[in-house]
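Undergrad: Okay, here's the structure, questions in a sec.
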Amino acid sequence: MTIPENVRLNPAATALSAEMQAWRHHLHAHPETAFEEHETSAFVAEKLRAFGYEVATGLGRTGVVGTLKGRHGGQRAIALRADMDALHIHEANDFAHRSVNPGRMHACGHDGHTAMLLGAAKLLADDPDFHGTLRVIFQPAEENEGGAREMIEDGLFDRFPVDAVYGMHNWPGLPLGRIALRPGPMMGSYDIFEIVVHGKGSHAAMPHMGNDAITAAGHLLTTLQTIPGRSLHPLDSAVVSATQIFGGDTWNVIPPSVTIRGTVRAFKDSVQDTVEARMRVLAEHTAASFGCTAEVRYERRYPATVNSADETALCAEVAARLVGADNVDHDPMPSMGAEDFAFMLKQRPGCYVWLGNGPAEGGCLLHNPGYDFNDANLAIGASYWVSLTKTLLSAEAEVAA
Ligand SMILES: [Zn+2]
Ligand SMILES: [Zn+2]
């Protein structure tokens, strides 16, 4: 666990490293998946209470919110958010803190995110030298199931008002001791689609007696790729990926229907609108040209994760003080992966950053059975959170508000 020389850690975070690592290893060994984070949630709530936070549990089923008032009073409020859920993966690692829950694994580093935010929560409670209110949000079900949305629907920001909200994710492939962030989109939206092409089945030797759904579906697959290429502004981005296709049972029968499923990623609501509309038109007309019909189900799961400009500029300053200006990447290529924190950024201004997790070699990519969070990041992440809080809730910020 070597911290790069460019990093200026908060000494209190350094002193807390071993304890944060013990929490992280405990969480890593006991992973829980979406909305089942009962033990994780109880672990977090118990720690926050011990640190002196006012704690609310059960938001979005297993979410936890801790509230801490600064020593100097004040009106402003900010939220820092971590995610707590694991993935349905069978862990391939054999170190001592490997998962004891078969088929479940912290392969996205949410164990590290939770431990870092708990660490920062403790340091800020030990020295609440800030103006206003700090809220720490521990959300369930970041992966696939929209835990952030459920917390919001449960009244997250009505019950616990904040002016802005901040998130972070470890990023394998970005060197340890580097932080990447940008105003505007950081992560893509996540939509899913299912198209059922209905034709008329027939004997495979007599295709003229039916309407071939397989041929129609084949044409549709290639036609869908014209959406990003022909229907969007050349500088807008989208990915349309068909990921499943099924139809037919045997060699000599043309089946009556074929199902295509897949996902769409984009950075703008307007692009999602265009993709969905074009998909419906192409499905209907391509199917019709073969005497078939098409049924389209298009579901929007997560919006794009979009950082607001002012909050991103403040985070960049805090990051530069921590890792040095040369180690802040201000214009990383956004990822088409999706992030549930997007729902919180739809409600409040804020900023989501990537924290370098080090080389992605040896299976250390996100969602890989060989992944492990880099423990050297615990003190870096906790230092960032503490410094960000004290900057955002400083006396000057209170006066300006
Ligand atoms: Zn993930
Ligand atoms: Zn993740």
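Here, A, B, ... name the chains of the structure tokens in the order displayed, residue numbers run from 1 inside each chain, and ligands are numbered from 1 in the same displayed order.
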As a quick test: using only C-alpha atoms and all ligand atoms, which residues lie no more than 7 Å away from ligand 1? Give them as a PDB file with all heavy atoms, in the first residue's frame.
TA:
```pdb
ATOM      1  N   CYS A 108     -16.798  -4.092  -7.789  1.00  0.00           N
ATOM      2  CA  CYS A 108     -16.849  -2.739  -8.338  1.00  0.00           C
ATOM      3  C   CYS A 108     -16.272  -1.742  -7.334  1.00  0.00           C
ATOM      4  O   CYS A 108     -16.286  -0.538  -7.562  1.00  0.00           O
ATOM      5  CB  CYS A 108     -18.294  -2.380  -8.705  1.00  0.00           C
ATOM      6  SG  CYS A 108     -18.414  -1.088  -9.966  1.00  0.00           S
ATOM      7  N   GLU A 143     -25.934  -1.013  -8.771  1.00  0.00           N
ATOM      8  CA  GLU A 143     -25.831  -1.856  -9.969  1.00  0.00           C
ATOM      9  C   GLU A 143     -27.232  -2.249 -10.448  1.00  0.00           C
ATOM     10  O   GLU A 143     -27.953  -2.936  -9.727  1.00  0.00           O
ATOM     11  CB  GLU A 143     -25.037  -3.144  -9.666  1.00  0.00           C
ATOM     12  CG  GLU A 143     -23.657  -2.908  -9.056  1.00  0.00           C
ATOM     13  CD  GLU A 143     -22.590  -2.537 -10.086  1.00  0.00           C
ATOM     14  OE1 GLU A 143     -22.923  -2.449 -11.282  1.00  0.00           O
ATOM     15  OE2 GLU A 143     -21.433  -2.331  -9.671  1.00  0.00           O
ATOM     16  N   LEU A 366     -13.041  -3.369 -13.236  1.00  0.00           N
ATOM     17  CA  LEU A 366     -14.343  -3.410 -12.573  1.00  0.00           C
ATOM     18  C   LEU A 366     -15.161  -4.579 -13.123  1.00  0.00           C
ATOM     19  O   LEU A 366     -15.112  -4.875 -14.309  1.00  0.00           O
ATOM     20  CB  LEU A 366     -15.098  -2.097 -12.805  1.00  0.00           C
ATOM     21  CG  LEU A 366     -14.438  -0.823 -12.254  1.00  0.00           C
ATOM     22  CD1 LEU A 366     -15.258   0.398 -12.638  1.00  0.00           C
ATOM     23  CD2 LEU A 366     -14.254  -0.890 -10.745  1.00  0.00           C
ATOM     24  N   HIS A 367     -15.910  -5.229 -12.241  1.00  0.00           N
ATOM     25  CA  HIS A 367     -16.817  -6.336 -12.582  1.00  0.00           C
ATOM     26  C   HIS A 367     -16.056  -7.598 -13.010  1.00  0.00           C
ATOM     27  O   HIS A 367     -16.629  -8.469 -13.655  1.00  0.00           O
ATOM     28  CB  HIS A 367     -17.840  -5.941 -13.664  1.00  0.00           C
ATOM     29  CG  HIS A 367     -18.790  -4.875 -13.208  1.00  0.00           C
ATOM     30  ND1 HIS A 367     -20.027  -4.674 -13.795  1.00  0.00           N
ATOM     31  CD2 HIS A 367     -18.702  -3.955 -12.226  1.00  0.00           C
ATOM     32  CE1 HIS A 367     -20.638  -3.671 -13.195  1.00  0.00           C
ATOM     33  NE2 HIS A 367     -19.840  -3.205 -12.230  1.00  0.00           N
TER      34      HIS A 367
END
```
Undergrad: So that I can check the surroundings of Glu194 (chain A), please list as a list in words every protein, DNA and RNA residue that reaches within 10 Å of it, counting only C-alpha atoms and ignoring chain neighbours fewer than 4 positions away.
TA: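 In the requested format, the answer is Ala242, Gln244, Ile245, Thr259, Ile260, Arg261, Gly262, Thr263, Glu295, Val296, Arg297, Tyr298 and Glu299 of chain A.
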Undergrad: Export all heavy atoms of the chosen residues as a CSV table (one decimal), in the first residue's frame?
TA:
```csv
chain,number,residue,atom,x,y,z
A,242,ALA,N,-27.2,-4.7,-29.8
A,242,ALA,CA,-28.1,-5.8,-29.6
A,242,ALA,C,-27.3,-6.9,-28.9
A,242,ALA,O,-26.1,-7.2,-29.3
A,242,ALA,CB,-28.6,-6.3,-31.0
A,244,GLN,N,-28.8,-9.9,-27.3
A,244,GLN,CA,-29.5,-11.2,-27.3
A,244,GLN,C,-30.4,-11.3,-28.6
A,244,GLN,O,-31.0,-10.3,-28.9
A,244,GLN,CB,-30.4,-11.4,-26.1
A,244,GLN,CG,-29.7,-11.2,-24.8
A,244,GLN,CD,-30.8,-11.3,-23.7
A,244,GLN,OE1,-31.5,-12.2,-23.5
A,244,GLN,NE2,-30.9,-10.2,-22.9
A,245,ILE,N,-30.4,-12.5,-29.2
A,245,ILE,CA,-31.4,-12.7,-30.3
A,245,ILE,C,-31.8,-14.2,-30.2
A,245,ILE,O,-30.9,-15.0,-30.1
A,245,ILE,CB,-30.8,-12.3,-31.6
A,245,ILE,CG1,-31.8,-12.6,-32.8
A,245,ILE,CG2,-29.5,-12.9,-32.0
A,245,ILE,CD1,-31.5,-11.8,-34.1
A,259,THR,N,-37.0,-12.6,-31.3
A,259,THR,CA,-36.8,-11.5,-30.3
A,259,THR,C,-35.4,-11.0,-30.3
A,259,THR,O,-34.5,-11.8,-30.3
A,259,THR,CB,-37.2,-12.1,-28.8
A,259,THR,OG1,-38.5,-12.5,-28.9
A,259,THR,CG2,-37.0,-11.0,-27.8
A,260,ILE,N,-35.3,-9.7,-30.3
A,260,ILE,CA,-34.0,-9.0,-30.2
A,260,ILE,C,-34.0,-8.2,-29.0
A,260,ILE,O,-34.9,-7.5,-28.7
A,260,ILE,CB,-33.7,-8.1,-31.4
A,260,ILE,CG1,-33.8,-8.8,-32.8
A,260,ILE,CG2,-32.4,-7.4,-31.3
A,260,ILE,CD1,-33.8,-7.9,-34.0
A,261,ARG,N,-32.9,-8.3,-28.2
A,261,ARG,CA,-32.8,-7.5,-27.0
A,261,ARG,C,-31.5,-6.8,-27.0
A,261,ARG,O,-30.5,-7.3,-27.6
A,261,ARG,CB,-32.9,-8.3,-25.7
A,261,ARG,CG,-34.3,-8.8,-25.4
A,261,ARG,CD,-34.3,-9.6,-24.1
A,261,ARG,NE,-35.6,-10.2,-23.8
A,261,ARG,CZ,-35.7,-11.2,-23.1
A,261,ARG,NH1,-34.7,-11.8,-22.5
A,261,ARG,NH2,-37.0,-11.7,-22.9
A,262,GLY,N,-31.4,-5.7,-26.3
A,262,GLY,CA,-30.1,-5.0,-26.2
A,262,GLY,C,-30.2,-3.8,-25.3
A,262,GLY,O,-31.1,-3.5,-24.6
A,263,THR,N,-29.1,-2.9,-25.4
A,263,THR,CA,-29.0,-1.7,-24.6
A,263,THR,C,-28.6,-0.6,-25.4
A,263,THR,O,-27.9,-0.7,-26.5
A,263,THR,CB,-28.0,-2.0,-23.5
A,263,THR,OG1,-27.9,-0.8,-22.6
A,263,THR,CG2,-26.6,-2.3,-24.0
A,295,GLU,N,-43.1,-5.4,-32.3
A,295,GLU,CA,-43.5,-4.8,-31.0
A,295,GLU,C,-42.2,-4.3,-30.3
A,295,GLU,O,-41.3,-5.1,-30.2
A,295,GLU,CB,-44.0,-6.0,-30.2
A,295,GLU,CG,-45.4,-6.0,-29.7
A,295,GLU,CD,-45.6,-7.3,-28.9
A,295,GLU,OE1,-45.7,-8.4,-29.5
A,295,GLU,OE2,-45.6,-7.2,-27.7
A,296,VAL,N,-42.2,-3.1,-29.9
A,296,VAL,CA,-41.0,-2.5,-29.3
A,296,VAL,C,-41.3,-2.2,-27.9
A,296,VAL,O,-42.2,-1.4,-27.6
A,296,VAL,CB,-40.5,-1.3,-30.1
A,296,VAL,CG1,-39.2,-0.7,-29.4
A,296,VAL,CG2,-40.2,-1.6,-31.5
A,297,ARG,N,-40.4,-2.7,-27.0
A,297,ARG,CA,-40.5,-2.2,-25.6
A,297,ARG,C,-39.1,-1.5,-25.3
A,297,ARG,O,-38.1,-2.1,-25.5
A,297,ARG,CB,-40.6,-3.4,-24.6
A,297,ARG,CG,-40.7,-3.1,-23.2
A,297,ARG,CD,-41.2,-4.3,-22.3
A,297,ARG,NE,-40.1,-5.3,-22.2
A,297,ARG,CZ,-39.2,-5.3,-21.3
A,297,ARG,NH1,-39.1,-4.4,-20.4
A,297,ARG,NH2,-38.3,-6.3,-21.2
A,298,TYR,N,-39.2,-0.2,-24.9
A,298,TYR,CA,-38.0,0.6,-24.7
A,298,TYR,C,-38.1,1.1,-23.3
A,298,TYR,O,-39.1,1.8,-23.0
A,298,TYR,CB,-38.0,1.7,-25.7
A,298,TYR,CG,-36.6,2.4,-25.8
A,298,TYR,CD1,-35.7,2.1,-26.7
A,298,TYR,CD2,-36.3,3.4,-24.8
A,298,TYR,CE1,-34.4,2.8,-26.8
A,298,TYR,CE2,-35.1,4.1,-24.8
A,298,TYR,CZ,-34.2,3.7,-25.8
A,298,TYR,OH,-32.9,4.4,-25.8
A,299,GLU,N,-37.1,0.8,-22.5
A,299,GLU,CA,-37.2,1.2,-21.1
A,299,GLU,C,-36.0,2.0,-20.7
A,299,GLU,O,-34.9,1.6,-20.9
A,299,GLU,CB,-37.2,-0.1,-20.2
A,299,GLU,CG,-37.8,0.0,-18.9
A,299,GLU,CD,-37.8,-1.4,-18.2
A,299,GLU,OE1,-38.6,-2.3,-18.6
A,299,GLU,OE2,-36.9,-1.6,-17.3
```
Undergrad: Within 10 Å of ligand 2, which residues show up when you count only C-alpha atoms and all ligand atoms? List them as a list of chain:residue names, please.
TA: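 Final answer, ordered by chain and number: A:Ala82, A:Asp83, A:Met84, A:Asp85, A:Ala86, A:Leu87, A:His106, A:Ala107, A:Cys108, A:Gly109, A:His110, A:Asp111, A:His113, A:Ala141, A:Glu142, A:Glu143, A:Met168, A:His169, A:Asn170, A:Trp171, A:Gly337, A:Ala338, A:Glu339, A:Asp340, A:Phe341, A:Leu366, A:His367.
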Undergrad: If you run DSSP over the backbone, which residues in region 135-227 of chain A end up helix (DSSP H, G or I)? Put them as a list in words.
TA: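 Filtering region 135-227 of chain A down to helix (DSSP H, G or I) leaves Gly147, Ala148, Arg149, Glu150, Met151, Ile152, Glu153, Leu156, Phe157, Asp158, Arg159, Pro207, His208, Met209, Ala213, Ile214, Thr215, Ala216, Ala217, Gly218, His219, Leu220, Leu221, Thr222, Thr223, Leu224, Thr226 and Ile227 of chain A.
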Undergrad: Restricting it to N, CA and C atoms, dump the selection as a PDB file, in the first residue's frame.
TA:
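Contents of the output file out-v1.pdb:
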```
ATOM      1  N   GLY A 147     -31.044   2.089  -6.940  1.00  0.00           N
ATOM      2  CA  GLY A 147     -31.202   2.392  -5.513  1.00  0.00           C
ATOM      3  C   GLY A 147     -31.269   3.883  -5.230  1.00  0.00           C
ATOM      4  N   ALA A 148     -30.519   4.676  -5.998  1.00  0.00           N
ATOM      5  CA  ALA A 148     -30.546   6.137  -5.797  1.00  0.00           C
ATOM      6  C   ALA A 148     -31.940   6.672  -6.107  1.00  0.00           C
ATOM      7  N   ARG A 149     -32.526   6.183  -7.183  1.00  0.00           N
ATOM      8  CA  ARG A 149     -33.882   6.627  -7.550  1.00  0.00           C
ATOM      9  C   ARG A 149     -34.862   6.270  -6.426  1.00  0.00           C
ATOM     10  N   GLU A 150     -34.718   5.070  -5.873  1.00  0.00           N
ATOM     11  CA  GLU A 150     -35.643   4.668  -4.789  1.00  0.00           C
ATOM     12  C   GLU A 150     -35.478   5.535  -3.550  1.00  0.00           C
ATOM     13  N   MET A 151     -34.241   5.901  -3.248  1.00  0.00           N
ATOM     14  CA  MET A 151     -34.038   6.792  -2.091  1.00  0.00           C
ATOM     15  C   MET A 151     -34.696   8.150  -2.352  1.00  0.00           C
ATOM     16  N   ILE A 152     -34.566   8.640  -3.581  1.00  0.00           N
ATOM     17  CA  ILE A 152     -35.173   9.941  -3.929  1.00  0.00           C
ATOM     18  C   ILE A 152     -36.693   9.837  -3.839  1.00  0.00           C
ATOM     19  N   GLU A 153     -37.247   8.739  -4.347  1.00  0.00           N
ATOM     20  CA  GLU A 153     -38.705   8.537  -4.275  1.00  0.00           C
ATOM     21  C   GLU A 153     -39.179   8.404  -2.826  1.00  0.00           C
ATOM     22  N   LEU A 156     -35.650  11.418  -0.102  1.00  0.00           N
ATOM     23  CA  LEU A 156     -34.273  11.725   0.300  1.00  0.00           C
ATOM     24  C   LEU A 156     -34.016  13.220   0.444  1.00  0.00           C
ATOM     25  N   PHE A 157     -34.260  13.987  -0.643  1.00  0.00           N
ATOM     26  CA  PHE A 157     -33.885  15.405  -0.612  1.00  0.00           C
ATOM     27  C   PHE A 157     -34.956  16.293   0.022  1.00  0.00           C
ATOM     28  N   ASP A 158     -36.165  15.749   0.237  1.00  0.00           N
ATOM     29  CA  ASP A 158     -37.189  16.504   0.975  1.00  0.00           C
ATOM     30  C   ASP A 158     -36.925  16.400   2.471  1.00  0.00           C
ATOM     31  N   ARG A 159     -36.611  15.182   2.898  1.00  0.00           N
ATOM     32  CA  ARG A 159     -36.361  14.978   4.341  1.00  0.00           C
ATOM     33  C   ARG A 159     -34.987  15.495   4.750  1.00  0.00           C
ATOM     34  N   PRO A 207     -40.579 -21.066 -47.979  1.00  0.00           N
ATOM     35  CA  PRO A 207     -40.634 -19.760 -47.311  1.00  0.00           C
ATOM     36  C   PRO A 207     -41.704 -18.852 -47.894  1.00  0.00           C
ATOM     37  N   HIS A 208     -42.066 -19.086 -49.159  1.00  0.00           N
ATOM     38  CA  HIS A 208     -43.074 -18.238 -49.798  1.00  0.00           C
ATOM     39  C   HIS A 208     -44.451 -18.425 -49.185  1.00  0.00           C
ATOM     40  N   MET A 209     -44.606 -19.482 -48.370  1.00  0.00           N
ATOM     41  CA  MET A 209     -45.897 -19.716 -47.728  1.00  0.00           C
ATOM     42  C   MET A 209     -46.027 -18.919 -46.409  1.00  0.00           C
ATOM     43  N   ALA A 213     -39.718 -14.074 -40.181  1.00  0.00           N
ATOM     44  CA  ALA A 213     -39.305 -13.152 -39.104  1.00  0.00           C
ATOM     45  C   ALA A 213     -37.781 -13.150 -38.934  1.00  0.00           C
ATOM     46  N   ILE A 214     -37.117 -14.255 -39.264  1.00  0.00           N
ATOM     47  CA  ILE A 214     -35.651 -14.309 -39.094  1.00  0.00           C
ATOM     48  C   ILE A 214     -34.969 -13.359 -40.079  1.00  0.00           C
ATOM     49  N   THR A 215     -35.387 -13.380 -41.324  1.00  0.00           N
ATOM     50  CA  THR A 215     -34.784 -12.475 -42.316  1.00  0.00           C
ATOM     51  C   THR A 215     -35.096 -11.014 -41.972  1.00  0.00           C
ATOM     52  N   ALA A 216     -36.329 -10.760 -41.546  1.00  0.00           N
ATOM     53  CA  ALA A 216     -36.690  -9.391 -41.159  1.00  0.00           C
ATOM     54  C   ALA A 216     -35.827  -8.933 -39.984  1.00  0.00           C
ATOM     55  N   ALA A 217     -35.628  -9.826 -39.005  1.00  0.00           N
ATOM     56  CA  ALA A 217     -34.823  -9.466 -37.825  1.00  0.00           C
ATOM     57  C   ALA A 217     -33.367  -9.210 -38.232  1.00  0.00           C
ATOM     58  N   GLY A 218     -32.864  -9.995 -39.182  1.00  0.00           N
ATOM     59  CA  GLY A 218     -31.490  -9.791 -39.666  1.00  0.00           C
ATOM     60  C   GLY A 218     -31.319  -8.416 -40.282  1.00  0.00           C
ATOM     61  N   HIS A 219     -32.259  -8.018 -41.112  1.00  0.00           N
ATOM     62  CA  HIS A 219     -32.193  -6.682 -41.708  1.00  0.00           C
ATOM     63  C   HIS A 219     -32.296  -5.617 -40.623  1.00  0.00           C
ATOM     64  N   LEU A 220     -33.178  -5.856 -39.662  1.00  0.00           N
ATOM     65  CA  LEU A 220     -33.374  -4.870 -38.607  1.00  0.00           C
ATOM     66  C   LEU A 220     -32.087  -4.667 -37.792  1.00  0.00           C
ATOM     67  N   LEU A 221     -31.378  -5.764 -37.514  1.00  0.00           N
ATOM     68  CA  LEU A 221     -30.132  -5.650 -36.738  1.00  0.00           C
ATOM     69  C   LEU A 221     -29.148  -4.680 -37.387  1.00  0.00           C
ATOM     70  N   THR A 222     -28.972  -4.808 -38.685  1.00  0.00           N
ATOM     71  CA  THR A 222     -28.012  -3.915 -39.349  1.00  0.00           C
ATOM     72  C   THR A 222     -28.586  -2.507 -39.462  1.00  0.00           C
ATOM     73  N   THR A 223     -29.896  -2.414 -39.676  1.00  0.00           N
ATOM     74  CA  THR A 223     -30.535  -1.101 -39.810  1.00  0.00           C
ATOM     75  C   THR A 223     -30.431  -0.288 -38.512  1.00  0.00           C
ATOM     76  N   LEU A 224     -30.493  -0.997 -37.365  1.00  0.00           N
ATOM     77  CA  LEU A 224     -30.405  -0.287 -36.073  1.00  0.00           C
ATOM     78  C   LEU A 224     -29.092   0.491 -35.955  1.00  0.00           C
ATOM     79  N   THR A 226     -27.762   2.208 -38.147  1.00  0.00           N
ATOM     80  CA  THR A 226     -27.820   3.506 -38.833  1.00  0.00           C
ATOM     81  C   THR A 226     -28.303   4.608 -37.887  1.00  0.00           C
ATOM     82  N   ILE A 227     -28.819   4.234 -36.703  1.00  0.00           N
ATOM     83  CA  ILE A 227     -29.318   5.289 -35.800  1.00  0.00           C
ATOM     84  C   ILE A 227     -28.165   6.187 -35.359  1.00  0.00           C
TER      85      ILE A 227
END
```
Undergrad: Using only C-alpha atoms for the distances, tell me which of A:Met279, A:Leu124, A:Ala92, A:Ala12 is nearest to Ile195 (chain A).
TA: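 Nearest candidate to Ile195 (chain A) out of A:Met279, A:Leu124, A:Ala92, A:Ala12: A:Met279.
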Undergrad: Using only C-alpha atoms, find the one residue out of A:Gly229, A:Gly52, A:Pro349, A:Gly358 that sits nearest to Asp126 (chain A).
TA: A:Gly52
Undergrad: With a distance cut-off of 9 Å and only C-alpha atoms, select the neighbouring residues of region 377-387 of chain A, excluding the residue or stretch itself and same-chain residues fewer than 6 positions from it, and output the selection as JSON, numbers by chain.
TA: {"A": [1, 3, 7, 8, 9, 10, 11, 12, 13, 14, 15, 16, 17, 20, 21, 24, 80, 112, 113, 115, 116, 117, 118, 119, 120, 121, 123, 124, 168, 170, 176, 177, 315, 318, 319, 321, 322, 323, 355, 356, 357]}
Undergrad: Need the shell around His26 (chain A): protein/DNA/RNA residues with any atom at most 12 Å away, counting only C-alpha atoms. Skip same-chain ones fewer than 3 positions apart. Format as number ranges by chain?
TA: A: 19-23, 29-32, 39-40, 43-44, 96-100, 106, 111-112, 114-115
Undergrad: According to DSSP computed on the backbone, where in region 62-204 of chain A is there strand (DSSP E or B)? Give the residues as a PyMOL selection string.
TA: chain A and resi 63-69+77-83+87+105+133-139+164-171+179-180+184-188+190-198+200+202-203
Undergrad: Suppose we keep C-alpha atoms; can you now write the selection as a PDB file, in the first residue's frame?
TA:
```pdb
ATOM      1  CA  GLY A  63     -30.223   3.126   2.352  1.00  0.00           C
ATOM      2  CA  VAL A  64     -28.709   5.113   5.241  1.00  0.00           C
ATOM      3  CA  VAL A  65     -28.391   8.883   5.710  1.00  0.00           C
ATOM      4  CA  GLY A  66     -26.204  10.427   8.403  1.00  0.00           C
ATOM      5  CA  THR A  67     -26.441  14.105   9.369  1.00  0.00           C
ATOM      6  CA  LEU A  68     -23.791  16.153  11.169  1.00  0.00           C
ATOM      7  CA  LYS A  69     -23.985  19.869  11.996  1.00  0.00           C
ATOM      8  CA  ALA A  77     -25.887  21.779   3.372  1.00  0.00           C
ATOM      9  CA  ILE A  78     -24.064  19.311   1.171  1.00  0.00           C
ATOM     10  CA  ALA A  79     -24.269  15.558   0.661  1.00  0.00           C
ATOM     11  CA  LEU A  80     -21.478  13.066   0.011  1.00  0.00           C
ATOM     12  CA  ARG A  81     -22.617   9.753  -1.396  1.00  0.00           C
ATOM     13  CA  ALA A  82     -21.225   6.198  -1.412  1.00  0.00           C
ATOM     14  CA  ASP A  83     -22.747   3.000  -2.780  1.00  0.00           C
ATOM     15  CA  LEU A  87     -22.403  -7.982  -7.730  1.00  0.00           C
ATOM     16  CA  MET A 105     -18.577 -10.233  -4.725  1.00  0.00           C
ATOM     17  CA  THR A 133     -24.740  20.695   7.577  1.00  0.00           C
ATOM     18  CA  LEU A 134     -23.021  17.608   6.232  1.00  0.00           C
ATOM     19  CA  ARG A 135     -25.080  14.657   5.053  1.00  0.00           C
ATOM     20  CA  VAL A 136     -23.524  11.314   4.173  1.00  0.00           C
ATOM     21  CA  ILE A 137     -25.645   9.110   1.921  1.00  0.00           C
ATOM     22  CA  PHE A 138     -25.005   5.357   1.722  1.00  0.00           C
ATOM     23  CA  GLN A 139     -27.151   4.049  -1.085  1.00  0.00           C
ATOM     24  CA  ALA A 164     -25.389  20.038  -3.825  1.00  0.00           C
ATOM     25  CA  VAL A 165     -24.377  16.402  -3.942  1.00  0.00           C
ATOM     26  CA  TYR A 166     -21.008  14.762  -4.591  1.00  0.00           C
ATOM     27  CA  GLY A 167     -19.930  11.272  -5.638  1.00  0.00           C
ATOM     28  CA  MET A 168     -16.817   9.335  -6.590  1.00  0.00           C
ATOM     29  CA  HIS A 169     -15.837   6.011  -8.124  1.00  0.00           C
ATOM     30  CA  ASN A 170     -12.517   4.198  -8.160  1.00  0.00           C
ATOM     31  CA  TRP A 171     -11.184   3.856 -11.703  1.00  0.00           C
ATOM     32  CA  ILE A 179      -8.232  12.212 -10.123  1.00  0.00           C
ATOM     33  CA  ALA A 180     -10.325  12.712 -13.262  1.00  0.00           C
ATOM     34  CA  GLY A 184     -20.913  17.866 -18.384  1.00  0.00           C
ATOM     35  CA  PRO A 185     -21.313  14.137 -18.985  1.00  0.00           C
ATOM     36  CA  MET A 186     -19.034  11.695 -17.132  1.00  0.00           C
ATOM     37  CA  MET A 187     -21.054   8.511 -17.653  1.00  0.00           C
ATOM     38  CA  GLY A 188     -23.701   7.423 -20.143  1.00  0.00           C
ATOM     39  CA  TYR A 190     -28.585   3.183 -19.646  1.00  0.00           C
ATOM     40  CA  ASP A 191     -31.677   2.107 -21.587  1.00  0.00           C
ATOM     41  CA  ILE A 192     -32.785  -1.397 -22.521  1.00  0.00           C
ATOM     42  CA  PHE A 193     -34.933  -2.517 -25.432  1.00  0.00           C
ATOM     43  CA  GLU A 194     -36.773  -5.619 -26.621  1.00  0.00           C
ATOM     44  CA  ILE A 195     -38.092  -5.954 -30.157  1.00  0.00           C
ATOM     45  CA  VAL A 196     -40.308  -8.895 -31.045  1.00  0.00           C
ATOM     46  CA  VAL A 197     -40.659  -9.402 -34.812  1.00  0.00           C
ATOM     47  CA  HIS A 198     -43.839 -11.323 -35.567  1.00  0.00           C
ATOM     48  CA  LYS A 200     -45.858 -16.190 -40.174  1.00  0.00           C
ATOM     49  CA  SER A 202     -43.636 -21.940 -42.437  1.00  0.00           C
ATOM     50  CA  HIS A 203     -41.819 -25.023 -43.683  1.00  0.00           C
TER      51      HIS A 203
END
```
Undergrad: Set the distance at 12 Å and use only C-alpha atoms: which residues neighbour Arg71 (chain A) once local chain neighbours fewer than 3 positions away are removed? I'd like the list as an mmCIF file with N, CA and C atoms, in the first residue's frame.
TA:
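In the end it all went to part18.cif:
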```
data_model
loop_
_atom_site.group_PDB
_atom_site.id
_atom_site.type_symbol
_atom_site.label_atom_id
_atom_site.label_comp_id
_atom_site.auth_asym_id
_atom_site.auth_seq_id
_atom_site.Cartn_x
_atom_site.Cartn_y
_atom_site.Cartn_z
ATOM 1 N N LEU A 68 -24.695 15.566 10.177
ATOM 2 C CA LEU A 68 -23.791 16.153 11.169
ATOM 3 C C LEU A 68 -23.781 17.669 10.980
ATOM 4 N N GLY A 74 -24.758 27.725 10.640
ATOM 5 C CA GLY A 74 -24.695 27.972 9.191
ATOM 6 C C GLY A 74 -25.841 27.311 8.461
ATOM 7 N N LEU A 124 -14.601 14.037 10.130
ATOM 8 C CA LEU A 124 -15.364 15.291 10.194
ATOM 9 C C LEU A 124 -16.128 15.403 11.510
ATOM 10 N N ALA A 125 -16.510 14.269 12.088
ATOM 11 C CA ALA A 125 -17.177 14.305 13.392
ATOM 12 C C ALA A 125 -16.156 14.615 14.489
ATOM 13 N N ASP A 126 -14.927 14.111 14.326
ATOM 14 C CA ASP A 126 -13.864 14.384 15.307
ATOM 15 C C ASP A 126 -13.508 15.870 15.316
ATOM 16 N N ASP A 127 -13.640 16.522 14.149
ATOM 17 C CA ASP A 127 -13.263 17.940 14.042
ATOM 18 C C ASP A 127 -14.250 18.661 13.119
ATOM 19 N N PRO A 128 -15.457 18.944 13.657
ATOM 20 C CA PRO A 128 -16.509 19.523 12.783
ATOM 21 C C PRO A 128 -16.303 21.021 12.545
ATOM 22 N N ASP A 129 -15.114 21.353 12.066
ATOM 23 C CA ASP A 129 -14.749 22.750 11.861
ATOM 24 C C ASP A 129 -15.302 23.236 10.521
ATOM 25 N N PHE A 130 -16.641 23.286 10.424
ATOM 26 C CA PHE A 130 -17.274 23.775 9.200
ATOM 27 C C PHE A 130 -18.592 24.462 9.537
ATOM 28 N N HIS A 131 -19.101 25.182 8.554
ATOM 29 C CA HIS A 131 -20.338 25.946 8.709
ATOM 30 C C HIS A 131 -21.441 25.228 7.947
ATOM 31 N N GLY A 132 -22.544 24.927 8.617
ATOM 32 C CA GLY A 132 -23.641 24.293 7.906
ATOM 33 C C GLY A 132 -23.768 22.820 8.245
ATOM 34 N N THR A 133 -24.356 22.075 7.310
ATOM 35 C CA THR A 133 -24.740 20.695 7.577
ATOM 36 C C THR A 133 -24.119 19.747 6.555
ATOM 37 N N LEU A 134 -23.546 18.673 7.085
ATOM 38 C CA LEU A 134 -23.021 17.608 6.232
ATOM 39 C C LEU A 134 -23.975 16.421 6.287
ATOM 40 N N LYS A 390 -14.802 20.772 3.938
ATOM 41 C CA LYS A 390 -14.349 22.002 4.613
ATOM 42 C C LYS A 390 -14.270 23.178 3.629
ATOM 43 N N LEU A 393 -18.108 24.091 2.858
ATOM 44 C CA LEU A 393 -18.794 24.617 4.044
ATOM 45 C C LEU A 393 -17.855 25.516 4.853
ATOM 46 N N SER A 394 -17.037 26.290 4.137
ATOM 47 C CA SER A 394 -16.112 27.209 4.803
ATOM 48 C C SER A 394 -16.863 28.471 5.234
ATOM 49 N N ALA A 395 -16.191 29.287 6.057
ATOM 50 C CA ALA A 395 -16.780 30.558 6.487
ATOM 51 C C ALA A 395 -17.082 31.443 5.285
#
```
